[in-house]
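Participant: Below is the structure I would like to discuss, written out as structure tokens.
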Number of protein chains: 2
Amino acid sequence: MTGLVEQLASIVGALNVSAGAAIAPDDTHDEALTGHPATPLAVVRPACTAEVSRILAVADECRVPVVARGSGTGLSGASRPVPDGIVVAFDRMNRILEIDTANHAAVVEPGVTLTQLDEALQPSGLVYAVYPGEMGGSLGGNVATNAGGMRAVRYGVTRHNVLGLELVLPGGQVLQSGGKYVKSSSGYDLTQLVIGSEGTLALVTGVTVKLVPRMAHTATLLAPFDTLEAVAGAVGPVLASGATPLILEYLDALAMEGITRAAGLDLGVPATVRSGATAYLVLVLEGSDPGRVDADAEAAASLVATLGALDVYILPPAAGGALVTARERAFFVSRAAGADDIVDTVVPRGALPAYLARTATLAAEHGALVSGCGHVGDGNVHLSVFLADPHRRRAFLRAVFEAARDAGGAVSGEHGIGVDKREYFLDLEDPAKVALMRRIKAAFDPHDILGPGRIFSGGAGSGDAGTSEGASSGDGTHSGPEAVTR
Amino acid sequence: MTGLVEQLASIVGALNVSAGAAIAPDDTHDEALTGHPATPLAVVRPACTAEVSRILAVADECRVPVVARGSGTGLSGASRPVPDGIVVAFDRMNRILEIDTANHAAVVEPGVTLTQLDEALQPSGLVYAVYPGEMGGSLGGNVATNAGGMRAVRYGVTRHNVLGLELVLPGGQVLQSGGKYVKSSSGYDLTQLVIGSEGTLALVTGVTVKLVPRMAHTATLLAPFDTLEAVAGAVGPVLASGATPLILEYLDALAMEGITRAAGLDLGVPATVRSGATAYLVLVLEGSDPGRVDADAEAAASLVATLGALDVYILPPAAGGALVTARERAFFVSRAAGADDIVDTVVPRGALPAYLARTATLAAEHGALVSGCGHVGDGNVHLSVFLADPHRRRAFLRAVFEAARDAGGAVSGEHGIGVDKREYFLDLEDPAKVALMRRIKAAFDPHDILGPGRIFSGGAGSGDAGTSEGASSGDGTHSGPEAVTR
């Protein structure tokens with residue numbers, strides 16, 4: 001494979017290819033709690049679309065598996081390397097190409113991070129509304145996983161906030177999809193198809209995002225409840241009231257204790273209330289007029305008080321902001337506490353009370369400790385799972401995902417399937433739909449080089465080798481169970 | 001073909017298949033101003049998904065082209081029959097299966113009309129926000145064309161308001177895509193791919209739509225401007241102000257005169273102002289609190305007054321509603337006036353002033369009379385074109401679409417490509433993207449039976465035969481120019 005590394009070096013320059021021991025440990029994994037780091041044949045860092053095109057021409061010609069890497073902040077192994085493939089890392093493609101205030105749009109390279117974009121947008125009075133919590137995430141990675149986050153209840157997820165993409169297909173063809181316009185009925189929407197495809201259809205080399213006016217004022221409500229079901233049950237009436245929360249989250253008592261302790265945050269909830277609280281609702285409103293925001297917060301507080309809350313607090317602005325920042329860190333708190341996995345199932349909002357009750361029952365049955373929080377306004381539940389044995393954990397997770405499906409939901413609301421949730425996805429999804437997805441993938445990637453082992457792919461270097469604990473097909477060969485129906 | 005009709009009759013009952021002279025004239029066309037009615041082999045009216053599945057099994061087996069028909073209100077020929085194919089008409093599948101207030105969702109069959117759904121939703125306090133103006137349109141047809149309309153500036157188009165689809169593939173396979181959840185990162189988004197595919201990928205037999213709270217109060221502003229450029233230029237500042245209009249339209253003086261005269265509507269604009277007005281901005285705000293809506297209307301009026309408006313009127317509620325209703329009828333007014341075609345190009349919002357100026361120049365150069373109105377908040381321009389000669393009209397439209405593309409836009413914002421805009425789409429779109437779309441279509445429809453001649457399809461019964469005036473490939477054979485690259 002020296003030849004391959006040399007070919008890649010001839011495209012991007014020797015300094016921008018690493019192989020063997022020169023590969024940085026950071027490039028061998030993402031933030032998923034499962035799976036093991038893996039060292040690829042090479043990591044290549046293109047500087048522009050033309051270089052990406054030439055890389056994909058070589059990889060397609062040589063049938064070398066390709067894994068895309070943004071910031072490596074994913075939670076499902078989608079950017080984890082495969083030993084017989086290369087990683088295309090986008091951190092050098094980190095330019096904000098245009099901030100177009102007239103069209104409320106920005107054009108960025110895929111390696112631009114959310115923090116970088118947000119800082120650049122500050123003077124414009126505009127904001128890119130998607131807020132997955134991990135502000136170090138890249139726009140390219142956000143597109144790949146269709147990132148969601150706390151503001152999705154107000155502004156939607158990545159697919160609702162991306163207007164266009166520049167794509168490179170295996171073989172090197174470069175396509176422009178969409179643009180700065182907000183609607184189109186002119187052929188298939190390739191932008192929407194690629195968003196959420198986790199690097200399996202094309203590499204994204206440019207992203208045109210939609211911007212919205214940045215609101216100057218927020219108000220934050222905090223309401224403890226005595227049961228999980230009650231907090232989930234409050235969501236419907238809040239949204240039916242016509243309130244348009246920027247953020248609508250729940251945290252169970254364990255999650256709240258974890259994030260506030262980690263942040264050293266005292267929200268002023270009396271110990272007597274805290275001791276009776278099983279879960280908390282967090283509601284943030286925003287607007288340009290402080291008087292209206294405050295009035296809306298009062299109205300929402302009155303409503304929430306009638307929905308079974310033990311009490312309702314309108315937090316001072318600093319505490320409200322600190323709570324949201326602390327909530328952002330929930331993943332890292334769970335990881336530090338030793339969580340064995342994190343899942344993010346989604347169900348219809350109205351199914352949440354029953355679904356949360358069901359997961360509690362399943363946890364008890366399987367001997368798992370579970371701490372939960374999530375985007376309750378979207379029916380999107382993040383569960384930190386503490387259950388060390390991989391086989392028992394797998395059985396528990398299978399049951400949790402099955403319960404989500406049976407409630408009319410899906411395996412992942414925003415983290416993606418990646419490598420680590422693939423077995424559950426394949427197990428629970430309609431095989432006819434998976435077969436159709438494979439045919440769509442073949443329309444983009446006939447030699448099956450992109451995203452080996454991601455979502456459903458079982459082609460060359462399927463990513464099973466030593467990366468998936470307790471999986472049934474961890475034998476490192478190229479014949480996962482799903483390859484049969486290919 | 002008696003055998004085919006008999007087979008279809010055995011599926012849906014003889015009363016629900018018509019052939020030959022028994023085919024109703026209504027079933028031979030849509031509302032497109034171009035193209036000629038065409039009589040298919042048969043029109044079949046299934047009552048349920050299972051019947052649609054059996055129809056597509058037969059059609060796929062026999063390689064019979066299939067055209068889907070909702071209410072036949074489309075404007076680009078997408079539901080126009082082909083002589084060697086069948087029409088699957090969905091007017092019998094018109095049940096509202098569920099209104100789920102807890103999840104703000106409704107599940108409907110594709111033949112349900114927007115009027116029918118809106119009436120059924122009244123008691124719930126919820127609304128399906130998409131409002132293409134033609135309330136007789138079906139939900140299935142809206143999905144096929146990714147219908148937009150006046151409220152898109154606030155709520156987005158069909159693809160932003162559909163959560164899930166039931167699909168039938170050629171061969172008869174039935175798939176469920178999406179559901180009542182609002183976000184997912186669990187495999188490719190088949191829902192988004194099928195929306196806007198104009199009947200070329202699958203037949204839609206069920207639609208799960210998102211509902212939002214119905215707002216009780218609106219306020220309508222009307223502002224005459226002395227130039228088209230000035231009205232288009234006002235859009236950016238209005239949206240940048242943080243106002244969230246429900247409706248943001250423009251009408252040129254000709255369009256305004258046409259719709260008000262047809263509706264017998266006097267908006268109280270003095271003749272002296274009218275005589276100097278080249279175009280009008282219509283802005284509608286909505287909310288649950290009448291005081292806030294009125295205050296927002298006053299603020300918007302003050303802003304618009306600084307943006308070059310000749311005057312600004314806040315209309316009384318009845319007049320505001322009547323103006324929106326009259327605007328809905330713009331297509332029919334144009335048709336009655338003898339318009340030869342209607343196009344709905346879309347450009348980035350900020351490009352509108354230059355684009356409108358460019359279309360005026362092109363109209364003068366080509367000797368076309370053009371009257372325009374449209375969803376200016378979306379950059380979506382509807383032009384009624386009066387130019388009888390098909391060859392000259394074709395040259396003019398080609399130039400109009402090319403100018404939209406060069407401005408960073410697309411051929412159609414919401415009407416779709418259908419049959420009648422196909423030649424322009426194929427002429428102006430990147431052939432590599434069209435080739436990819438064809439490969440995607442083959443993943444769904446390997447025998448190319450669905451939507452012959454729609455968008456880019458050039459397979460069996462490509463729909464060219466006698467339906468496309470002045471087209472270069474109107475020879476009725478199966479080898480359109482694009483078939484070569486298939």
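By convention in this document, the chains of the structure tokens carry letters A, B, ... by their order, each chain's residues are numbered from 1, and ligands are numbered from 1 in the order they are shown.
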Only residues of chain B matter here; which ones have an atom within 6 Å of chain A, counting only C-alpha atoms? Give them as an NGL selection string.

Facilitator: :B and (102-103 or 180-181 or 183-186 or 188 or 196-197 or 213 or 236 or 242 or 347-350 or 412-414 or 416-417 or 439-440 or 443)

Participant: Based on the selection just made, write N, CA and C atoms of those residues as a PDB file, in the first residue's frame.

Facilitator:
ATOM      1  N   ALA B 102     -52.463  14.775  20.081  1.00  0.00           N
ATOM      2  CA  ALA B 102     -51.340  14.676  21.018  1.00  0.00           C
ATOM      3  C   ALA B 102     -50.013  14.844  20.282  1.00  0.00           C
ATOM      4  N   ASN B 103     -49.950  14.309  19.078  1.00  0.00           N
ATOM      5  CA  ASN B 103     -48.695  14.388  18.323  1.00  0.00           C
ATOM      6  C   ASN B 103     -48.695  15.462  17.242  1.00  0.00           C
ATOM      7  N   LYS B 180     -44.779   9.458  12.912  1.00  0.00           N
ATOM      8  CA  LYS B 180     -45.245  10.642  13.640  1.00  0.00           C
ATOM      9  C   LYS B 180     -44.132  11.318  14.432  1.00  0.00           C
ATOM     10  N   TYR B 181     -42.921  10.909  14.218  1.00  0.00           N
ATOM     11  CA  TYR B 181     -41.807  11.567  14.909  1.00  0.00           C
ATOM     12  C   TYR B 181     -41.250  12.675  14.018  1.00  0.00           C
ATOM     13  N   LYS B 183     -38.020  13.917  13.895  1.00  0.00           N
ATOM     14  CA  LYS B 183     -36.618  13.870  13.500  1.00  0.00           C
ATOM     15  C   LYS B 183     -36.152  12.432  13.528  1.00  0.00           C
ATOM     16  N   SER B 184     -35.166  12.123  12.702  1.00  0.00           N
ATOM     17  CA  SER B 184     -34.612  10.781  12.702  1.00  0.00           C
ATOM     18  C   SER B 184     -33.274  10.813  11.991  1.00  0.00           C
ATOM     19  N   SER B 185     -32.333  10.020  12.482  1.00  0.00           N
ATOM     20  CA  SER B 185     -31.068   9.792  11.784  1.00  0.00           C
ATOM     21  C   SER B 185     -30.878   8.289  11.745  1.00  0.00           C
ATOM     22  N   SER B 186     -31.726   7.616  10.999  1.00  0.00           N
ATOM     23  CA  SER B 186     -31.775   6.159  10.989  1.00  0.00           C
ATOM     24  C   SER B 186     -31.923   5.662   9.560  1.00  0.00           C
ATOM     25  N   TYR B 188     -31.391   6.351   5.186  1.00  0.00           N
ATOM     26  CA  TYR B 188     -31.721   7.406   4.218  1.00  0.00           C
ATOM     27  C   TYR B 188     -33.170   7.859   4.389  1.00  0.00           C
ATOM     28  N   GLY B 196     -41.653  15.502  -4.038  1.00  0.00           N
ATOM     29  CA  GLY B 196     -41.136  16.250  -5.182  1.00  0.00           C
ATOM     30  C   GLY B 196     -40.700  15.376  -6.341  1.00  0.00           C
ATOM     31  N   SER B 197     -40.896  14.061  -6.245  1.00  0.00           N
ATOM     32  CA  SER B 197     -40.436  13.169  -7.325  1.00  0.00           C
ATOM     33  C   SER B 197     -41.496  12.968  -8.405  1.00  0.00           C
ATOM     34  N   PRO B 213     -50.504  24.723  15.673  1.00  0.00           N
ATOM     35  CA  PRO B 213     -51.656  25.432  16.229  1.00  0.00           C
ATOM     36  C   PRO B 213     -52.193  26.472  15.232  1.00  0.00           C
ATOM     37  N   GLY B 236     -35.887  41.690   1.891  1.00  0.00           N
ATOM     38  CA  GLY B 236     -34.761  41.405   2.776  1.00  0.00           C
ATOM     39  C   GLY B 236     -34.876  42.139   4.104  1.00  0.00           C
ATOM     40  N   GLY B 242     -36.754  40.536  11.825  1.00  0.00           N
ATOM     41  CA  GLY B 242     -37.230  39.548  12.784  1.00  0.00           C
ATOM     42  C   GLY B 242     -38.720  39.309  12.671  1.00  0.00           C
ATOM     43  N   VAL B 347     -35.385  31.951  -7.290  1.00  0.00           N
ATOM     44  CA  VAL B 347     -34.007  32.460  -7.205  1.00  0.00           C
ATOM     45  C   VAL B 347     -33.716  32.805  -5.742  1.00  0.00           C
ATOM     46  N   PRO B 348     -32.449  32.968  -5.376  1.00  0.00           N
ATOM     47  CA  PRO B 348     -32.163  33.471  -4.032  1.00  0.00           C
ATOM     48  C   PRO B 348     -32.877  34.804  -3.846  1.00  0.00           C
ATOM     49  N   ARG B 349     -33.459  34.975  -2.695  1.00  0.00           N
ATOM     50  CA  ARG B 349     -34.291  36.150  -2.432  1.00  0.00           C
ATOM     51  C   ARG B 349     -33.606  37.454  -2.811  1.00  0.00           C
ATOM     52  N   GLY B 350     -32.333  37.551  -2.465  1.00  0.00           N
ATOM     53  CA  GLY B 350     -31.585  38.773  -2.722  1.00  0.00           C
ATOM     54  C   GLY B 350     -31.352  39.031  -4.203  1.00  0.00           C
ATOM     55  N   SER B 412     -38.150  25.431 -11.300  1.00  0.00           N
ATOM     56  CA  SER B 412     -39.450  25.492 -10.643  1.00  0.00           C
ATOM     57  C   SER B 412     -39.311  25.512  -9.129  1.00  0.00           C
ATOM     58  N   GLY B 413     -40.006  26.446  -8.505  1.00  0.00           N
ATOM     59  CA  GLY B 413     -40.014  26.520  -7.049  1.00  0.00           C
ATOM     60  C   GLY B 413     -41.038  25.609  -6.418  1.00  0.00           C
ATOM     61  N   GLU B 414     -42.148  25.345  -7.129  1.00  0.00           N
ATOM     62  CA  GLU B 414     -43.208  24.563  -6.508  1.00  0.00           C
ATOM     63  C   GLU B 414     -44.143  23.880  -7.494  1.00  0.00           C
ATOM     64  N   GLY B 416     -43.265  22.134 -10.142  1.00  0.00           N
ATOM     65  CA  GLY B 416     -42.666  20.902 -10.638  1.00  0.00           C
ATOM     66  C   GLY B 416     -42.272  21.016 -12.109  1.00  0.00           C
ATOM     67  N   ILE B 417     -41.505  20.027 -12.535  1.00  0.00           N
ATOM     68  CA  ILE B 417     -41.038  19.969 -13.911  1.00  0.00           C
ATOM     69  C   ILE B 417     -42.070  19.278 -14.787  1.00  0.00           C
ATOM     70  N   ARG B 439     -30.202   7.071 -12.083  1.00  0.00           N
ATOM     71  CA  ARG B 439     -29.761   5.854 -11.374  1.00  0.00           C
ATOM     72  C   ARG B 439     -30.602   5.661 -10.106  1.00  0.00           C
ATOM     73  N   ILE B 440     -30.936   6.781  -9.438  1.00  0.00           N
ATOM     74  CA  ILE B 440     -31.792   6.681  -8.252  1.00  0.00           C
ATOM     75  C   ILE B 440     -33.175   6.157  -8.657  1.00  0.00           C
ATOM     76  N   ALA B 443     -33.208   2.544  -9.027  1.00  0.00           N
ATOM     77  CA  ALA B 443     -33.195   1.818  -7.750  1.00  0.00           C
ATOM     78  C   ALA B 443     -34.612   1.563  -7.252  1.00  0.00           C
TER      79      ALA B 443
END

Participant: Could you please write out, as a VMD selection string, every residue of range 163-204 of chain B that DSSP assigns to alpha helix (DSSP H)?

Facilitator: chain B and resid 190 to 194

Participant: Tell me, which residues of range 50-269 of chain A carry DSSP strand (DSSP E), written as a ChimeraX atom specification?

Facilitator: /A:66-69,86-89,96-100,105-108,126-127,162-168,174-178,203-210,212-213,217-225,247-252

Participant: Okay, now the selection with C-alpha atoms, as a CSV table (one decimal), in the first residue's frame?

Facilitator:
chain,number,residue,atom,x,y,z
A,66,VAL,CA,-13.1,5.6,2.5
A,67,VAL,CA,-14.3,7.0,5.8
A,68,ALA,CA,-15.0,10.7,6.1
A,69,ARG,CA,-14.0,12.5,9.3
A,86,ILE,CA,-8.3,5.5,4.3
A,87,VAL,CA,-9.7,8.4,6.3
A,88,VAL,CA,-10.4,11.7,4.5
A,89,ALA,CA,-10.2,14.3,7.3
A,96,ILE,CA,-16.2,30.2,5.8
A,97,LEU,CA,-16.6,31.1,2.1
A,98,GLU,CA,-19.4,33.6,2.3
A,99,ILE,CA,-21.8,35.1,4.8
A,100,ASP,CA,-24.7,36.4,2.6
A,105,ALA,CA,-27.3,32.1,4.0
A,106,ALA,CA,-23.7,31.1,4.6
A,107,VAL,CA,-21.5,29.0,2.5
A,108,VAL,CA,-18.8,27.0,4.4
A,126,LEU,CA,-27.9,36.3,12.2
A,127,VAL,CA,-27.4,32.8,13.6
A,162,VAL,CA,-29.2,23.3,5.0
A,163,LEU,CA,-30.1,24.7,1.6
A,164,GLY,CA,-27.4,23.2,-0.6
A,165,LEU,CA,-24.4,20.9,-0.8
A,166,GLU,CA,-21.3,20.5,-2.9
A,167,LEU,CA,-20.8,16.7,-3.3
A,168,VAL,CA,-18.0,14.6,-4.6
A,174,VAL,CA,-18.3,17.0,-8.3
A,175,LEU,CA,-22.0,18.0,-8.1
A,176,GLN,CA,-23.8,21.1,-6.8
A,177,SER,CA,-27.1,20.4,-5.2
A,178,GLY,CA,-29.5,23.1,-4.1
A,203,LEU,CA,-18.3,13.3,0.4
A,204,VAL,CA,-19.6,16.8,1.3
A,205,THR,CA,-17.1,19.5,0.3
A,206,GLY,CA,-19.4,22.5,0.7
A,207,VAL,CA,-22.5,23.4,2.8
A,208,THR,CA,-24.9,26.3,2.2
A,209,VAL,CA,-26.8,26.9,5.4
A,210,LYS,CA,-29.8,28.9,6.2
A,212,VAL,CA,-32.2,33.3,10.9
A,213,PRO,CA,-32.2,36.5,12.9
A,217,HIS,CA,-33.7,37.9,24.7
A,218,THR,CA,-34.4,34.6,26.4
A,219,ALA,CA,-36.2,33.4,29.5
A,220,THR,CA,-35.6,30.0,31.1
A,221,LEU,CA,-38.1,28.1,33.1
A,222,LEU,CA,-37.3,25.1,35.3
A,223,ALA,CA,-40.0,22.8,36.7
A,224,PRO,CA,-39.4,19.8,38.9
A,225,PHE,CA,-42.0,16.9,38.6
A,247,ILE,CA,-35.6,24.7,23.9
A,248,LEU,CA,-37.8,22.1,25.6
A,249,GLU,CA,-35.8,19.5,27.5
A,250,TYR,CA,-36.2,17.0,30.3
A,251,LEU,CA,-33.7,15.6,32.6
A,252,ASP,CA,-34.2,12.9,35.2

Participant: Counting only C-alpha atoms, what is within 12 Å of Ala279 in chain A, bar same-chain residues fewer than 3 positions away, as a count of residues only?

Facilitator: 37

Participant: List as a list in words the protein and nucleic acid residues near Asn16 in chain B, meaning an atom at most 8 Å away when only C-alpha atoms are counted, but skip any in the same chain fewer than 6 places from it.

Facilitator: Ala9, Val44, Arg45 and Pro46 of chain B

Participant: For Arg335 in chain B, please output as a compact mmCIF listing (two decimals) with N, CA, C and O atoms, in the first residue's frame all residues within 12 Å (counting only C-alpha atoms; exclusion window: fewer than 5 positions along the same chain).

Facilitator:
# COMPACT_ATOMS: atom_id res chain seq x y z
N GLU B 31 -54.14 20.96 -15.11
CA GLU B 31 -54.47 22.37 -15.35
C GLU B 31 -53.36 23.11 -16.11
O GLU B 31 -53.41 24.33 -16.25
N ALA B 32 -52.35 22.37 -16.56
CA ALA B 32 -51.27 23.04 -17.30
C ALA B 32 -51.82 23.74 -18.53
O ALA B 32 -52.74 23.24 -19.18
N LEU B 33 -51.27 24.90 -18.83
CA LEU B 33 -51.75 25.66 -19.97
C LEU B 33 -51.18 25.13 -21.28
O LEU B 33 -51.66 25.47 -22.35
N THR B 34 -50.13 24.35 -21.19
CA THR B 34 -49.51 23.79 -22.38
C THR B 34 -49.84 22.30 -22.43
O THR B 34 -50.31 21.71 -21.46
N LEU B 75 -49.79 21.95 -12.63
CA LEU B 75 -49.59 22.97 -13.66
C LEU B 75 -48.45 22.63 -14.61
O LEU B 75 -48.00 23.50 -15.37
N ALA B 255 -51.20 42.16 -12.53
CA ALA B 255 -51.73 41.05 -11.76
C ALA B 255 -52.72 41.56 -10.71
O ALA B 255 -53.80 40.98 -10.50
N GLY B 258 -55.90 42.51 -12.33
CA GLY B 258 -56.63 41.32 -12.77
C GLY B 258 -57.36 40.64 -11.63
O GLY B 258 -58.56 40.34 -11.73
N ILE B 259 -56.66 40.43 -10.53
CA ILE B 259 -57.31 39.65 -9.45
C ILE B 259 -58.36 40.48 -8.71
O ILE B 259 -59.39 39.94 -8.30
N ALA B 262 -61.43 40.64 -11.04
CA ALA B 262 -62.12 39.35 -11.09
C ALA B 262 -62.91 39.11 -9.80
O ALA B 262 -63.99 38.49 -9.82
N ARG B 329 -56.61 33.05 -6.66
CA ARG B 329 -57.24 32.81 -7.96
C ARG B 329 -56.41 33.37 -9.11
O ARG B 329 -56.88 33.39 -10.25
N ALA B 330 -55.20 33.84 -8.82
CA ALA B 330 -54.40 34.51 -9.86
C ALA B 330 -54.22 33.63 -11.08
O ALA B 330 -54.30 34.11 -12.22
N ASP B 340 -50.56 32.09 -22.15
CA ASP B 340 -50.12 30.92 -22.91
C ASP B 340 -49.31 29.95 -22.07
O ASP B 340 -49.20 28.78 -22.41
N ASP B 341 -48.73 30.44 -21.00
CA ASP B 341 -48.03 29.54 -20.07
C ASP B 341 -47.84 30.28 -18.75
O ASP B 341 -47.97 31.50 -18.69
N ILE B 342 -47.60 29.48 -17.72
CA ILE B 342 -47.28 30.04 -16.40
C ILE B 342 -46.01 29.35 -15.95
O ILE B 342 -45.91 28.13 -16.04
N SER B 371 -47.07 39.05 -16.96
CA SER B 371 -47.65 39.59 -15.73
C SER B 371 -47.15 38.71 -14.59
O SER B 371 -47.15 37.48 -14.69
N LEU B 383 -44.79 33.83 -13.29
CA LEU B 383 -44.94 34.71 -14.45
C LEU B 383 -46.00 34.14 -15.39
O LEU B 383 -45.87 33.00 -15.85
N SER B 384 -47.02 34.93 -15.68
CA SER B 384 -47.98 34.56 -16.72
C SER B 384 -47.45 35.12 -18.03
O SER B 384 -47.17 36.32 -18.13
N VAL B 385 -47.30 34.23 -18.99
CA VAL B 385 -46.66 34.61 -20.24
C VAL B 385 -47.69 34.62 -21.36
O VAL B 385 -48.39 33.62 -21.58
N PHE B 386 -47.78 35.75 -22.04
CA PHE B 386 -48.67 35.89 -23.18
C PHE B 386 -47.80 36.01 -24.43
O PHE B 386 -47.22 37.06 -24.68

Participant: Rounded to one decimal in Å, what is the spacing between CA of Arg327 in chain A and CA of Glu134 in chain A?

Facilitator: 10.8 Å

Participant: Name all residues at most 10 Å from Thr73 in chain A (count only C-alpha atoms; drop same-chain ones fewer than 4 positions away) and give them as JSON, numbers by chain.

Facilitator: {"A": [29, 30, 31, 32, 69, 77, 78, 79, 134, 135, 136, 137, 138, 141, 142]}
